[in-house]
>>> print(open('structure-v1.tsv').read())   # TSV, C-alpha atoms
chain	number	residue	atom	x	y	z
A	1	MET	CA	19.80	96.93	32.01
A	2	THR	CA	17.42	94.65	30.15
A	3	LEU	CA	17.14	91.06	31.17
A	4	ASP	CA	16.39	89.51	27.77
A	5	GLY	CA	14.79	86.50	29.36
A	6	VAL	CA	17.69	85.95	31.76
A	7	GLU	CA	15.58	86.61	34.82
A	8	PRO	CA	13.44	83.49	34.49
A	9	LEU	CA	16.57	81.41	33.82
A	10	ALA	CA	18.55	82.99	36.61
A	11	MET	CA	15.79	83.18	39.13
A	12	ASP	CA	13.50	80.36	38.11
A	13	PHE	CA	10.68	82.23	39.80
A	14	GLY	CA	8.00	80.44	37.83
A	15	GLY	CA	4.42	81.62	37.71
A	16	GLY	CA	3.61	81.05	41.35
A	17	SER	CA	6.32	83.30	42.78
A	18	SER	CA	5.21	85.16	45.84
A	19	LEU	CA	8.10	87.63	45.80
A	20	ASP	CA	7.15	91.29	45.80
A	21	GLY	CA	9.05	94.07	44.01
A	22	ARG	CA	11.45	94.66	46.89
A	23	GLU	CA	12.28	90.98	47.20
A	24	ARG	CA	12.81	90.51	43.46
A	25	ALA	CA	15.17	93.49	43.34
A	26	LEU	CA	17.05	92.22	46.38
A	27	ALA	CA	17.24	88.71	44.94
A	28	LEU	CA	18.76	90.00	41.69
A	29	LEU	CA	21.29	92.07	43.65
A	30	LEU	CA	22.33	89.05	45.74
A	31	LEU	CA	22.55	86.86	42.66
A	32	SER	CA	24.66	89.41	40.75
A	33	MET	CA	27.14	89.64	43.63
A	34	ALA	CA	27.24	85.89	44.22
A	35	ASP	CA	27.75	85.13	40.52
A	36	ASP	CA	30.54	87.74	40.29
A	37	GLU	CA	32.38	86.19	43.22
A	38	PHE	CA	31.81	82.66	42.00
A	39	VAL	CA	33.03	83.29	38.45
A	40	ILE	CA	36.15	85.25	39.39
A	41	GLY	CA	36.88	82.77	42.16
A	42	PHE	CA	36.60	79.77	39.89
A	43	SER	CA	38.47	81.44	37.04
A	44	ASP	CA	41.41	82.59	39.17
A	45	SER	CA	41.65	79.15	40.78
A	46	GLU	CA	43.06	78.05	37.41
A	47	TRP	CA	46.38	79.51	38.61
A	48	THR	CA	46.70	76.86	41.30
A	49	GLY	CA	49.85	74.94	40.52
A	50	ILE	CA	50.98	77.27	37.73
A	51	GLY	CA	51.37	80.58	39.59
A	52	PRO	CA	54.39	82.73	38.72
A	53	ILE	CA	56.21	81.77	41.95
A	54	LEU	CA	55.27	79.34	44.69
A	55	GLU	CA	54.31	82.08	47.16
A	56	GLU	CA	52.08	83.85	44.64
A	57	ASP	CA	50.57	80.53	43.60
A	58	VAL	CA	49.43	80.09	47.20
A	59	ALA	CA	48.32	83.73	47.46
A	60	ILE	CA	46.18	83.80	44.29
A	61	SER	CA	44.71	80.39	45.09
A	62	SER	CA	43.81	81.62	48.55
A	63	LEU	CA	42.17	84.74	47.12
A	64	ALA	CA	40.22	82.59	44.69
A	65	GLN	CA	39.10	80.35	47.55
A	66	ASP	CA	38.00	83.39	49.56
A	67	GLU	CA	35.76	84.46	46.67
A	68	LEU	CA	34.16	81.02	46.45
A	69	GLY	CA	33.46	81.30	50.17
A	70	HIS	CA	31.89	84.71	49.64
A	71	ALA	CA	29.83	83.35	46.77
A	72	GLN	CA	28.58	80.51	48.97
A	73	ALA	CA	27.49	82.97	51.68
A	74	LEU	CA	25.75	85.24	49.15
A	75	TYR	CA	24.00	82.30	47.45
A	76	GLY	CA	22.90	81.33	50.94
A	77	LEU	CA	21.16	84.68	51.43
A	78	PHE	CA	19.61	84.35	47.96
A	79	VAL	CA	18.31	80.86	48.74
A	80	ASP	CA	16.82	82.02	52.05
A	81	LEU	CA	15.07	84.90	50.34
A	82	VAL	CA	13.77	83.15	47.23
A	83	ALA	CA	12.89	79.93	49.09
A	84	ASP	CA	11.93	78.10	45.90
A	85	GLY	CA	13.28	74.74	47.01
A	86	ARG	CA	16.74	75.07	45.44
A	87	ASP	CA	19.81	74.83	47.67
A	88	VAL	CA	23.07	76.74	47.28
A	89	ASP	CA	24.64	74.10	45.01
A	90	ALA	CA	21.61	74.02	42.75
A	91	VAL	CA	21.74	77.79	42.31
A	92	ALA	CA	25.48	77.77	41.73
A	93	TYR	CA	25.72	74.79	39.35
A	94	ASP	CA	22.37	73.95	37.81
A	95	ARG	CA	21.64	77.09	35.81
A	96	PRO	CA	22.47	77.20	32.11
A	97	PRO	CA	25.36	79.54	31.18
A	98	GLU	CA	22.96	82.12	29.77
A	99	GLY	CA	21.25	82.23	33.17
A	100	SER	CA	24.40	83.39	34.97
A	101	PHE	CA	24.18	86.96	36.16
A	102	HIS	CA	27.85	87.96	36.53
A	103	ALA	CA	29.33	91.12	35.02
A	104	ARG	CA	30.77	90.99	31.51
A	105	LEU	CA	34.19	91.97	32.89
A	106	LEU	CA	34.37	88.39	34.18
A	107	ASP	CA	33.47	86.94	30.78
A	108	HIS	CA	37.10	87.58	29.87
A	109	PRO	CA	39.31	84.57	30.57
A	110	ARG	CA	42.16	84.85	33.06
A	111	GLY	CA	44.61	85.33	30.17
A	112	ASP	CA	48.24	85.95	31.12
A	113	TRP	CA	49.31	87.10	34.58
A	114	ALA	CA	48.93	90.79	33.68
A	115	GLN	CA	45.37	90.18	32.45
A	116	THR	CA	44.52	88.30	35.63
A	117	ILE	CA	45.87	91.18	37.73
A	118	ALA	CA	44.13	93.83	35.62
A	119	ARG	CA	40.81	91.95	35.72
A	120	ARG	CA	41.00	91.37	39.44
A	121	TRP	CA	42.19	94.88	40.26
A	122	ILE	CA	39.25	96.33	38.33
A	123	TYR	CA	36.88	93.88	39.98
A	124	GLU	CA	38.20	94.43	43.53
A	125	THR	CA	37.98	98.22	43.25
A	126	ALA	CA	34.42	98.04	41.87
A	127	ASP	CA	33.39	95.43	44.43
A	128	ALA	CA	34.76	97.63	47.25
A	129	ALA	CA	32.62	100.55	45.98
A	130	ARG	CA	29.57	98.26	45.83
A	131	LEU	CA	30.16	96.87	49.33
A	132	ALA	CA	30.62	100.40	50.72
A	133	ALA	CA	27.18	101.31	49.34
A	134	LEU	CA	25.73	98.25	51.11
A	135	ALA	CA	27.39	98.78	54.50
A	136	GLU	CA	24.19	100.18	56.03
A	137	THR	CA	21.74	98.14	53.97
A	138	SER	CA	18.28	97.59	55.44
A	139	HIS	CA	18.47	93.83	54.77
A	140	ALA	CA	20.02	92.73	58.08
A	141	PRO	CA	21.54	89.39	56.93
A	142	LEU	CA	23.27	91.18	54.06
A	143	ARG	CA	24.48	93.96	56.38
A	144	GLU	CA	26.12	91.41	58.66
A	145	LEU	CA	27.71	89.57	55.75
A	146	VAL	CA	28.95	92.76	54.08
A	147	ALA	CA	30.78	93.76	57.27
A	148	LYS	CA	32.67	90.44	57.16
A	149	LEU	CA	33.29	90.56	53.42
A	150	ARG	CA	34.76	94.06	53.62
A	151	ARG	CA	37.32	92.93	56.21
A	152	GLU	CA	38.54	90.16	53.88
A	153	GLU	CA	38.33	92.22	50.71
A	154	ARG	CA	40.67	94.83	52.22
A	155	TYR	CA	43.58	92.44	51.83
A	156	HIS	CA	42.51	91.47	48.30
A	157	LEU	CA	42.65	95.11	47.32
A	158	LEU	CA	46.03	95.66	49.01
A	159	HIS	CA	47.46	92.68	47.17
A	160	MET	CA	46.07	93.78	43.81
A	161	ASP	CA	47.30	97.36	44.33
A	162	ALA	CA	50.76	95.95	45.06
A	163	TRP	CA	50.73	93.93	41.84
A	164	LEU	CA	49.30	96.73	39.69
A	165	GLU	CA	52.11	99.02	40.88
A	166	ARG	CA	54.80	96.41	40.29
A	167	LEU	CA	53.63	95.59	36.77
A	168	ALA	CA	53.25	99.30	35.92
A	169	GLU	CA	56.74	100.06	37.19
A	170	GLY	CA	58.35	96.77	36.25
A	171	GLY	CA	59.92	97.85	32.97
A	172	GLU	CA	58.83	97.54	29.37
A	173	GLY	CA	57.70	93.91	29.30
A	174	PRO	CA	55.42	93.82	32.36
A	175	ARG	CA	54.12	97.34	31.74
A	176	GLY	CA	53.35	96.55	28.09
A	177	ARG	CA	51.35	93.48	29.10
A	178	LEU	CA	49.47	95.46	31.74
A	179	VAL	CA	48.61	98.25	29.28
A	180	ALA	CA	47.37	95.68	26.74
A	181	ALA	CA	45.22	93.99	29.41
A	182	LEU	CA	43.71	97.29	30.59
A	183	GLU	CA	42.91	98.21	26.98
A	184	LEU	CA	41.21	94.86	26.42
A	185	LEU	CA	39.19	94.91	29.66
A	186	GLY	CA	38.60	98.67	29.92
A	187	PRO	CA	35.29	98.90	28.04
A	188	ASP	CA	33.85	96.16	30.28
A	189	ALA	CA	35.31	97.48	33.54
A	190	GLY	CA	32.19	99.41	34.50
A	191	THR	CA	29.86	96.42	34.02
A	192	VAL	CA	30.24	95.43	37.70
A	193	LEU	CA	28.48	98.66	38.71
A	194	ALA	CA	26.02	98.93	35.80
A	195	PRO	CA	22.49	99.65	37.09
A	196	LEU	CA	20.54	96.52	38.00
A	197	PRO	CA	16.84	96.02	37.29
A	198	GLY	CA	14.92	97.07	40.37
A	199	GLU	CA	17.26	99.94	41.25
A	200	THR	CA	14.30	102.13	42.27
A	201	ALA	CA	13.08	99.48	44.70
A	202	LEU	CA	16.61	98.98	46.10
A	203	LEU	CA	16.85	102.70	46.83
A	204	ARG	CA	13.30	103.14	48.10
A	205	HIS	CA	13.67	100.30	50.59
A	206	GLY	CA	17.09	101.40	51.82
A	207	ILE	CA	18.84	98.30	50.49
A	208	LEU	CA	21.31	100.34	48.44
A	209	ALA	CA	22.60	103.67	49.81
A	210	GLU	CA	22.77	105.55	46.52
A	211	PRO	CA	22.13	105.07	42.78
A	212	TRP	CA	24.51	102.89	40.78
A	213	SER	CA	25.53	105.96	38.79
A	214	ALA	CA	26.81	107.65	41.99
A	215	ILE	CA	28.65	104.48	43.08
A	216	GLU	CA	30.20	104.19	39.63
A	217	ALA	CA	31.24	107.87	39.64
A	218	ARG	CA	33.07	107.45	42.94
A	219	TRP	CA	34.75	104.27	41.70
A	220	ARG	CA	35.85	106.04	38.50
A	221	ALA	CA	37.34	108.94	40.49
A	222	GLU	CA	39.31	106.56	42.71
A	223	THR	CA	40.56	104.29	39.93
A	224	SER	CA	41.49	107.27	37.74
A	225	THR	CA	43.65	108.77	40.49
A	226	LYS	CA	45.46	105.47	40.91
A	227	LEU	CA	45.93	104.74	37.21
A	228	ILE	CA	46.97	108.27	36.26
A	229	GLY	CA	49.42	108.28	39.18
A	230	LEU	CA	51.07	105.29	37.52
A	231	GLY	CA	51.12	107.02	34.14
A	232	LEU	CA	48.28	104.83	32.84
A	233	GLU	CA	45.01	105.88	31.23
A	234	ALA	CA	41.74	106.15	33.13
A	235	LEU	CA	39.18	103.41	32.39
A	236	PRO	CA	36.85	104.18	29.47
A	237	ALA	CA	33.05	104.41	29.56
A	238	THR	CA	31.12	101.14	29.74
A	239	ARG	CA	30.38	99.47	26.40
A	240	ASP	CA	26.73	98.31	26.09
A	241	PRO	CA	25.69	98.75	29.73
A	242	GLU	CA	22.28	97.35	28.76
A	243	THR	CA	23.79	93.88	28.42
A	244	ALA	CA	26.31	94.24	31.26
A	245	ARG	CA	25.27	90.92	32.84
A	246	THR	CA	23.77	89.00	29.93
A	247	ALA	CA	24.92	87.67	26.55
A	248	HIS	CA	27.95	85.86	27.94
A	249	SER	CA	31.10	85.00	26.00
A	250	ASP	CA	32.32	81.69	24.64
A	251	ALA	CA	35.13	81.85	27.20
A	252	PHE	CA	32.52	81.85	29.96
A	253	ARG	CA	30.63	78.98	28.31
A	254	ALA	CA	33.83	76.95	28.39
A	255	LEU	CA	34.37	77.86	32.06
A	256	HIS	CA	30.75	76.94	32.85
A	257	GLU	CA	31.20	73.61	31.06
A	258	GLU	CA	34.17	72.93	33.32
A	259	PHE	CA	32.76	74.03	36.66
A	260	THR	CA	29.56	72.06	36.14
A	261	LEU	CA	31.32	68.94	34.82
A	262	VAL	CA	31.50	66.95	38.04
A	263	ARG	CA	28.04	68.01	39.17
A	264	ARG	CA	26.56	66.96	35.81
A	265	SER	CA	28.38	63.63	35.82
A	266	GLU	CA	25.91	62.15	38.31
A	267	ALA	CA	22.72	64.13	38.68
A	268	GLY	CA	21.35	64.15	42.21
A	269	ALA	CA	24.39	62.45	43.73
A	270	THR	CA	25.40	63.28	47.27
A	271	TRP	CA	29.01	64.44	47.32
B	272	MET	CA	75.97	90.31	52.81
B	273	SER	CA	75.61	93.69	51.25
B	274	ASP	CA	73.92	96.87	52.40
B	275	ALA	CA	72.82	97.73	48.86
B	276	PRO	CA	69.08	97.21	48.21
B	277	ALA	CA	68.23	94.29	45.97
B	278	PRO	CA	67.41	95.14	42.34
B	279	VAL	CA	63.69	95.63	41.62
B	280	GLY	CA	61.74	92.46	40.98
B	281	ILE	CA	64.49	90.06	42.06
B	282	LEU	CA	63.32	87.46	44.53
B	283	GLU	CA	65.23	87.06	47.76
B	284	PRO	CA	64.56	85.21	51.01
B	285	TRP	CA	62.79	86.92	53.89
B	286	GLU	CA	62.65	85.43	57.38
B	287	VAL	CA	59.22	85.41	58.99
B	288	PHE	CA	58.62	85.87	62.70
B	289	ARG	CA	55.20	85.32	64.18
B	290	GLN	CA	53.38	85.86	67.44
B	291	GLU	CA	50.82	83.21	68.18
B	292	LYS	CA	48.84	85.15	70.75
B	293	ASP	CA	49.06	88.45	72.55
B	294	GLY	CA	51.87	88.37	75.12
B	295	ASP	CA	53.84	85.58	73.43
B	296	PRO	CA	57.33	86.31	72.09
B	297	MET	CA	57.88	86.70	68.35
B	298	ARG	CA	59.19	83.32	67.18
B	299	HIS	CA	60.85	82.39	63.92
B	300	GLY	CA	58.27	80.69	61.71
B	301	GLY	CA	60.12	80.10	58.46
B	302	SER	CA	60.86	82.05	55.32
B	303	VAL	CA	59.30	83.25	52.07
B	304	MET	CA	60.73	84.40	48.76
B	305	ALA	CA	59.62	87.90	47.76
B	306	PRO	CA	60.91	90.87	45.77
B	307	ASP	CA	60.21	93.46	48.49
B	308	ALA	CA	58.89	93.97	52.02
B	309	THR	CA	55.24	94.55	51.00
B	310	LEU	CA	54.93	91.30	49.08
B	311	ALA	CA	57.00	89.51	51.73
B	312	LEU	CA	54.35	90.51	54.29
B	313	HIS	CA	51.53	89.44	51.96
B	314	TYR	CA	53.17	86.06	51.43
B	315	ALA	CA	53.97	85.69	55.13
B	316	ARG	CA	50.27	86.27	55.78
B	317	GLU	CA	49.38	83.50	53.33
B	318	MET	CA	51.94	81.05	54.66
B	319	TYR	CA	51.85	81.74	58.39
B	320	SER	CA	48.44	83.19	59.19
B	321	ARG	CA	45.86	82.19	56.61
B	322	ARG	CA	44.19	80.00	59.22
B	323	GLN	CA	44.35	82.68	61.90
B	324	GLU	CA	47.37	81.12	63.59
B	325	SER	CA	49.18	84.44	64.16
B	326	VAL	CA	48.26	87.82	65.61
B	327	HIS	CA	51.44	89.62	64.58
B	328	LEU	CA	54.02	89.06	61.85
B	329	TRP	CA	57.48	90.45	61.12
B	330	VAL	CA	59.50	89.94	57.97
B	331	VAL	CA	63.23	90.60	57.82
B	332	ARG	CA	65.40	90.41	54.73
B	333	ARG	CA	67.71	87.50	55.30
B	334	ALA	CA	70.52	89.69	53.93
B	335	ASP	CA	69.93	92.13	56.80
B	336	ILE	CA	70.62	89.50	59.44
B	337	HIS	CA	74.16	89.53	60.87
B	338	ASP	CA	75.37	86.04	61.43
B	339	LEU	CA	77.66	84.41	64.01
B	340	ALA	CA	78.23	80.66	64.05
B	341	ASP	CA	81.91	80.39	65.07
B	342	PRO	CA	82.40	77.48	67.53
B	343	ASP	CA	85.52	79.11	69.06
B	344	LEU	CA	83.33	82.05	70.06
B	345	LEU	CA	80.11	80.22	70.89
B	346	GLN	CA	81.27	76.83	72.24
B	347	PRO	CA	84.66	77.47	73.97
B	348	PRO	CA	86.50	74.23	74.73
B	349	LEU	CA	87.45	74.93	78.39
B	350	ASP	CA	85.17	74.34	81.38
B	351	ARG	CA	82.96	77.36	81.92
B	352	SER	CA	80.56	75.75	84.37
B	353	PHE	CA	81.37	78.42	86.98
B	354	LYS	CA	79.68	80.94	84.67
B	355	LYS	CA	76.41	79.07	84.68
B	356	PRO	CA	73.63	80.41	86.84
B	357	GLY	CA	73.40	77.13	88.78
B	358	GLY	CA	76.73	77.99	90.47
B	359	TYR	CA	78.84	75.42	92.36
B	360	VAL	CA	77.56	72.08	93.57
B	361	MET	CA	77.48	72.53	97.37
B	362	ARG	CA	76.11	69.17	98.48
B	363	GLU	CA	79.44	67.51	99.35
B	364	LYS	CA	80.94	70.56	101.08
B	365	LEU	CA	77.81	70.97	103.20
B	366	ALA	CA	77.85	67.31	104.23
B	367	ALA	CA	81.49	67.59	105.29
B	368	ALA	CA	80.78	70.74	107.34
B	369	ARG	CA	77.81	69.11	109.09
B	370	GLN	CA	79.87	66.08	110.01
B	371	LEU	CA	82.54	68.32	111.49
B	372	SER	CA	80.05	70.26	113.63
B	373	GLY	CA	77.84	67.25	114.49
B	374	GLU	CA	74.76	69.06	113.25
B	375	ALA	CA	72.00	66.98	111.67
B	376	LYS	CA	70.69	67.68	108.21
B	377	PRO	CA	67.60	69.88	108.56
B	378	ARG	CA	64.37	68.11	107.76
B	379	ALA	CA	62.36	69.22	104.82
B	380	LYS	CA	59.93	71.89	105.90
B	381	ALA	CA	56.32	70.84	106.18
B	382	LYS	CA	54.17	72.49	103.60
>>> encode(input="structure-v1.tsv", output="structure tokens")
Amino acid sequence: MTLDGVEPLAMDFGGGSSLDGRERALALLLLSMADDEFVIGFSDSEWTGIGPILEEDVAISSLAQDELGHAQALYGLFVDLVADGRDVDAVAYDRPPEGSFHARLLDHPRGDWAQTIARRWIYETADAARLAALAETSHAPLRELVAKLRREERYHLLHMDAWLERLAEGGEGPRGRLVAALELLGPDAGTVLAPLPGETALLRHGILAEPWSAIEARWRAETSTKLIGLGLEALPATRDPETARTAHSDAFRALHEEFTLVRRSEAGATW
Amino acid sequence: MSDAPAPVGILEPWEVFRQEKDGDPMRHGGSVMAPDATLALHYAREMYSRRQESVHLWVVRRADIHDLADPDLLQPPLDRSFKKPGGYVMREKLAAARQLSGEAKPRAKAK
């Protein structure tokens, strides 16, 4: 993946950065995970109050809240590592939209319920594969956090599997919407696991257990089994993996505008 | 109340039972609407344990509960106090017997 000038915006390392190659690679990994969780968490929180039924409204809102909590913890590790004077809120809210480092899958808006389920099912399965490859990571704070995240993400995956099955088997209407959503999101599905800059350093220093290509291959095998079992098509190859986490959509710019609105309304205020 | 399974995707009420800590009985917590047992458990988790207030949950389709609320069967009108575990009130009979025999009431035992 090329960074196209995103790294300075995302990282704000400046000229005097004292981070070495291992630390820069680790910082980008933490930021990519934190931004993924933050964006999907914020985006899915739009269902609060308008969920399909009251129980699911609570469930999806709770999932969204979990992801914001995960993002906060991951930003915390990033802040500790980079130690450039920014706090968690500054990293989360004060970057321009082009400096966000989330996967292009999450550039798609929540859409209808089927699109939300398809997007989140793809994301949860990919995130589970990523977390599995980090279970024994050499960065101790991340190892401890990943163990906690995996326990919470288990339920997320169960809930998304349940919904994927019900939409796929729910008759023409729900199935048609699900198929349309998977077709729309499919080419961007693999962006969550697209190789990050610094992959060599991540592997050499035991931060990541195996190359992104191996993680992606395992994820593709698992998702294909599930989708084909439901009579659906396997996810297609990733479109433009070079820009998997850059060149964000207008939908994301609108989301960014919204989630930074309060923060921007009074710069430097204590909330 | 029917034994036939509900049609797919139709919401119905499920009763939720929860155990607060190991060793406690399962107590009725409330209910959720769900189309099937899997989602009923997911929703029960959200409603009755999202803040770690349960260690064990059951969900039961309300339609699977057999109901009895007939007052003739549950609250019979005649005196049934002799069936209660407290048994008869003996105080007056004992007092009369003691008076007859001239025996004093035993003092409460020292602890």
>>> residues_around(input="structure-v1.tsv", residues="stretch 27-33 of chain A", least_positions_apart="4", cutoff="7 Å", atoms="all atoms listed in the file", output="tab-separated table (two decimals) with C-alpha atoms, keeping the file's coordinate frame")
chain	number	residue	atom	x	y	z
A	23	GLU	CA	12.28	90.98	47.20
A	37	GLU	CA	32.38	86.19	43.22
A	74	LEU	CA	25.75	85.24	49.15
A	75	TYR	CA	24.00	82.30	47.45
A	78	PHE	CA	19.61	84.35	47.96
A	81	LEU	CA	15.07	84.90	50.34
A	82	VAL	CA	13.77	83.15	47.23
A	101	PHE	CA	24.18	86.96	36.16
A	102	HIS	CA	27.85	87.96	36.53
>>> interface_residues(input="structure-v1.tsv", of="chain B", to="chain A", cutoff="10 Å", atoms="all atoms listed in the file", output="PyMOL selection string")
chain B and resi 279-280+282+303-306+309-311+313-318+321
>>> residues_around(input="structure-v1.tsv", residues="stretch 119-135 of chain A", least_positions_apart="5", cutoff="9 Å", atoms="all atoms listed in the file", output="PyMOL selection string")
chain A and resi 33+36+40+44+105-106+108+110+114+142-144+146-147+149-150+153-154+156-157+159-161+163-164+181-182+185-186+189-190+192-193+207-210+212+215-216+218-220+222-223
>>> residues_near_point(input="structure-v1.tsv", point="(54.5, 83.6, 67.3)", cutoff="10 Å", atoms="all atoms listed in the file", output="number ranges by chain")
B: 287-300, 319, 324-329
>>> atom_distance(input="structure-v1.tsv", atom1="atom CA of A:Pro195", atom2="atom CA of A:Arg24")
14.8 Å
>>> residues_around(input="structure-v1.tsv", residues="A:Val88", least_positions_apart="4", cutoff="9 Å", atoms="only C-alpha atoms", output="VMD selection string")
chain A and resid 72 to 73 75 to 76 78 to 79 92 to 93
>>> build_atoms(input="structure-v1.tsv", residues="stretch 96-118 of chain A", atoms="N, CA and C atoms", output="mmCIF file, in the coordinates of the input")
data_model
loop_
_atom_site.group_PDB
_atom_site.id
_atom_site.type_symbol
_atom_site.label_atom_id
_atom_site.label_comp_id
_atom_site.auth_asym_id
_atom_site.auth_seq_id
_atom_site.Cartn_x
_atom_site.Cartn_y
_atom_site.Cartn_z
ATOM 1 N N PRO A 96 21.749 77.198 33.382
ATOM 2 C CA PRO A 96 22.470 77.200 32.110
ATOM 3 C C PRO A 96 23.386 78.431 32.057
ATOM 4 N N PRO A 97 24.417 78.404 31.198
ATOM 5 C CA PRO A 97 25.360 79.540 31.180
ATOM 6 C C PRO A 97 24.659 80.870 30.903
ATOM 7 N N GLU A 98 23.616 80.831 30.073
ATOM 8 C CA GLU A 98 22.960 82.120 29.770
ATOM 9 C C GLU A 98 22.144 82.636 30.960
ATOM 10 N N GLY A 99 21.966 81.791 31.975
ATOM 11 C CA GLY A 99 21.250 82.230 33.170
ATOM 12 C C GLY A 99 22.167 82.802 34.241
ATOM 13 N N SER A 100 23.473 82.823 33.977
ATOM 14 C CA SER A 100 24.400 83.390 34.970
ATOM 15 C C SER A 100 24.324 84.911 34.912
ATOM 16 N N PHE A 101 24.469 85.529 36.061
ATOM 17 C CA PHE A 101 24.180 86.960 36.160
ATOM 18 C C PHE A 101 25.430 87.754 36.579
ATOM 19 N N HIS A 102 26.601 87.248 36.220
ATOM 20 C CA HIS A 102 27.850 87.960 36.530
ATOM 21 C C HIS A 102 28.116 89.067 35.511
ATOM 22 N N ALA A 103 28.993 89.989 35.885
ATOM 23 C CA ALA A 103 29.330 91.120 35.020
ATOM 24 C C ALA A 103 30.201 90.675 33.845
ATOM 25 N N ARG A 104 30.037 91.382 32.712
ATOM 26 C CA ARG A 104 30.770 90.990 31.510
ATOM 27 C C ARG A 104 32.292 91.095 31.677
ATOM 28 N N LEU A 105 32.745 91.918 32.608
ATOM 29 C CA LEU A 105 34.190 91.970 32.890
ATOM 30 C C LEU A 105 34.732 90.560 33.124
ATOM 31 N N LEU A 106 33.915 89.732 33.785
ATOM 32 C CA LEU A 106 34.370 88.390 34.180
ATOM 33 C C LEU A 106 34.116 87.361 33.081
ATOM 34 N N ASP A 107 33.570 87.810 31.959
ATOM 35 C CA ASP A 107 33.470 86.940 30.780
ATOM 36 C C ASP A 107 34.834 86.774 30.122
ATOM 37 N N HIS A 108 35.751 87.706 30.424
ATOM 38 C CA HIS A 108 37.100 87.580 29.870
ATOM 39 C C HIS A 108 37.828 86.465 30.614
ATOM 40 N N PRO A 109 38.562 85.633 29.887
ATOM 41 C CA PRO A 109 39.310 84.570 30.570
ATOM 42 C C PRO A 109 40.458 85.155 31.386
ATOM 43 N N ARG A 110 41.087 84.319 32.206
ATOM 44 C CA ARG A 110 42.160 84.850 33.060
ATOM 45 C C ARG A 110 43.320 85.380 32.247
ATOM 46 N N GLY A 111 43.530 84.846 31.025
ATOM 47 C CA GLY A 111 44.610 85.330 30.170
ATOM 48 C C GLY A 111 45.979 85.140 30.793
ATOM 49 N N ASP A 112 46.912 86.055 30.495
ATOM 50 C CA ASP A 112 48.240 85.950 31.120
ATOM 51 C C ASP A 112 48.172 86.585 32.514
ATOM 52 N N TRP A 113 49.313 86.618 33.192
ATOM 53 C CA TRP A 113 49.310 87.100 34.580
ATOM 54 C C TRP A 113 48.853 88.567 34.645
ATOM 55 N N ALA A 114 49.300 89.377 33.684
ATOM 56 C CA ALA A 114 48.930 90.790 33.680
ATOM 57 C C ALA A 114 47.417 90.946 33.506
ATOM 58 N N GLN A 115 46.827 90.097 32.665
ATOM 59 C CA GLN A 115 45.370 90.180 32.450
ATOM 60 C C GLN A 115 44.617 89.750 33.702
ATOM 61 N N THR A 116 45.133 88.723 34.368
ATOM 62 C CA THR A 116 44.520 88.300 35.630
ATOM 63 C C THR A 116 44.571 89.422 36.662
ATOM 64 N N ILE A 117 45.721 90.082 36.763
ATOM 65 C CA ILE A 117 45.870 91.180 37.730
ATOM 66 C C ILE A 117 44.962 92.353 37.345
ATOM 67 N N ALA A 118 44.951 92.705 36.057
ATOM 68 C CA ALA A 118 44.130 93.830 35.620
ATOM 69 C C ALA A 118 42.652 93.534 35.887
#
